[in-house]
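> Below you will find the structure I want to go over with you.
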Amino acid sequence: MRVSVFCSSAPNIPQSSLELAFDIGKAIGQQGWDLVWGGGKASMMGQVAKGAREAGSVTIGVIPEPLKRIEFEDAQASQMHVVDNMRNRKAKIEDLAEAFIILPGGIGTLEEFFEIWVGRYLKFHNKPIAVCDPTGVYAPLRTALDHLASQNFMKAGQKELVKWCSDIPSTIEAVKAK
């Protein structure tokens with residue numbers, strides 16, 4: 001199985017987030033799965049790939065040409081797909097991956113998360129989606145989503161398409177379940 005991980009490429013994030021990224025990559029590898037990710041070696045993106053490779057995963061990166069220097073293309077990737085832009089990156093990752101894990105991140109991570117979630121709701125794919133958030137980074141987001149649902153801005157069945165997990169083992173189990 002090929003699992004995509006969406007996460008931060010930002011500098012100066014908490015060490016615990018870098019460790020989480022490494023550990024989720026390692027857990028992916030321990031399952032015998034391959035990693036599909038944004039192809040960068042900066043921050044959490046780099047750590048998830050390192051962890052996956054340490055555990056024997058094939059790492060498949062997808063990076064837009066303009067970001068090769070910004071996100072520092074990971075030369076250790078097993079495969080690297082260089083695309084023109086972010087839209088093509090997201091499409092290629094969606095095509096390659098069979099499941100999605102979302103780790104803490106900023107607006108880029110959230111954009112990827114919401115796009116893949118909407119795609120599943122609209123039945124463009126039926127791939128599992130799990131958010132791994134052991135430190136509660138996304139707690140305010142969950143509160144906002146619950147508020148949207150309480151105001152009827154979310155449709156029935158949307159919330160159930162994402163599994164919110166507080167540790168790595170439950171995240172791995174969530175993406176196993178189709």
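Convention: chains lettered A, B, ... in structure tokens order; per-chain residue numbering from 1; ligands numbered from 1 as shown.
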For range 30-88 of chain A against range 11-17 of chain A, with a cut-off of 12 Å and counting only C-alpha atoms, what is the closest atom pair and its distance in Å to one decimal for every residue that makes the cut, ordered by chain and number, as CSV?


```
residue,atom,partner,partner_atom,distance
A:Lys41,CA,A:Pro11,CA,11.4
A:Ala42,CA,A:Pro11,CA,7.6
A:Ser43,CA,A:Pro11,CA,6.0
A:Met44,CA,A:Ser17,CA,7.0
A:Met45,CA,A:Ser17,CA,10.6
A:Gly46,CA,A:Pro11,CA,11.3
A:Gln47,CA,A:Ser17,CA,9.5
A:Val48,CA,A:Ser17,CA,10.4
A:Ile70,CA,A:Pro11,CA,11.3
A:Glu71,CA,A:Pro11,CA,10.3
```

> Keeping only N, CA and C atoms, write those residues as an mmCIF file, in the first residue's frame.


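Below is the file that was written, part_6.cif:
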```cif
data_model
loop_
_atom_site.group_PDB
_atom_site.id
_atom_site.type_symbol
_atom_site.label_atom_id
_atom_site.label_comp_id
_atom_site.auth_asym_id
_atom_site.auth_seq_id
_atom_site.Cartn_x
_atom_site.Cartn_y
_atom_site.Cartn_z
ATOM 1 N N LYS A 41 12.773 17.875 1.875
ATOM 2 C CA LYS A 41 13.512 17.350 3.022
ATOM 3 C C LYS A 41 13.518 18.312 4.204
ATOM 4 N N ALA A 42 12.763 19.407 4.091
ATOM 5 C CA ALA A 42 12.693 20.387 5.174
ATOM 6 C C ALA A 42 11.680 19.951 6.226
ATOM 7 N N SER A 43 11.980 20.234 7.467
ATOM 8 C CA SER A 43 11.048 20.145 8.579
ATOM 9 C C SER A 43 10.387 18.765 8.687
ATOM 10 N N MET A 44 9.092 18.747 8.944
ATOM 11 C CA MET A 44 8.365 17.492 9.110
ATOM 12 C C MET A 44 8.375 16.668 7.832
ATOM 13 N N MET A 45 8.330 17.340 6.682
ATOM 14 C CA MET A 45 8.352 16.602 5.415
ATOM 15 C C MET A 45 9.602 15.732 5.322
ATOM 16 N N GLY A 46 10.730 16.294 5.681
ATOM 17 C CA GLY A 46 11.972 15.538 5.640
ATOM 18 C C GLY A 46 12.007 14.418 6.658
ATOM 19 N N GLN A 47 11.465 14.686 7.833
ATOM 20 C CA GLN A 47 11.480 13.682 8.895
ATOM 21 C C GLN A 47 10.589 12.484 8.575
ATOM 22 N N VAL A 48 9.440 12.722 7.963
ATOM 23 C CA VAL A 48 8.567 11.600 7.634
ATOM 24 C C VAL A 48 9.254 10.686 6.614
ATOM 25 N N ILE A 70 13.022 25.765 -2.353
ATOM 26 C CA ILE A 70 12.362 26.251 -1.138
ATOM 27 C C ILE A 70 12.158 25.108 -0.139
ATOM 28 N N GLU A 71 11.623 23.991 -0.612
ATOM 29 C CA GLU A 71 11.383 22.843 0.260
ATOM 30 C C GLU A 71 12.567 21.883 0.248
#
```

> Based on DSSP run over this structure's backbone, return all residues of range 20-148 of chain A in alpha helix (DSSP H), as a PyMOL selection string.

chain A and resi 20-30+43-54+86-96+107-121+139-148

> Env of Gln30 in chain A: 8 Å cut, atoms = only C-alpha atoms, seq-sep filter 4 positions within chain, self excluded. Answer as a compact mmCIF listing (two decimals) with C-alpha atoms, in the first residue's frame.


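The resulting file, part27.txt, is reproduced below:
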```txt
# COMPACT_ATOMS: atom_id res chain seq x y z
CA LYS A 26 8.76 4.68 10.49
CA ALA A 55 12.07 1.24 8.16
CA GLY A 56 12.59 0.11 4.55
```

> Check the DSSP output for the backbone and give back, as a PyMOL selection string, the residues of chain A in strand (DSSP E).

chain A and resi 2-6+34-37+59-64+79-83+99-102+129-132+162-165

> With distances taken over only C-alpha atoms, which of A:Val3, A:Ala149, A:Ala27, A:Leu141 is nearest to Ile60 in chain A?

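That would be A:Val3, the residue with the smallest distance to Ile60 in chain A.
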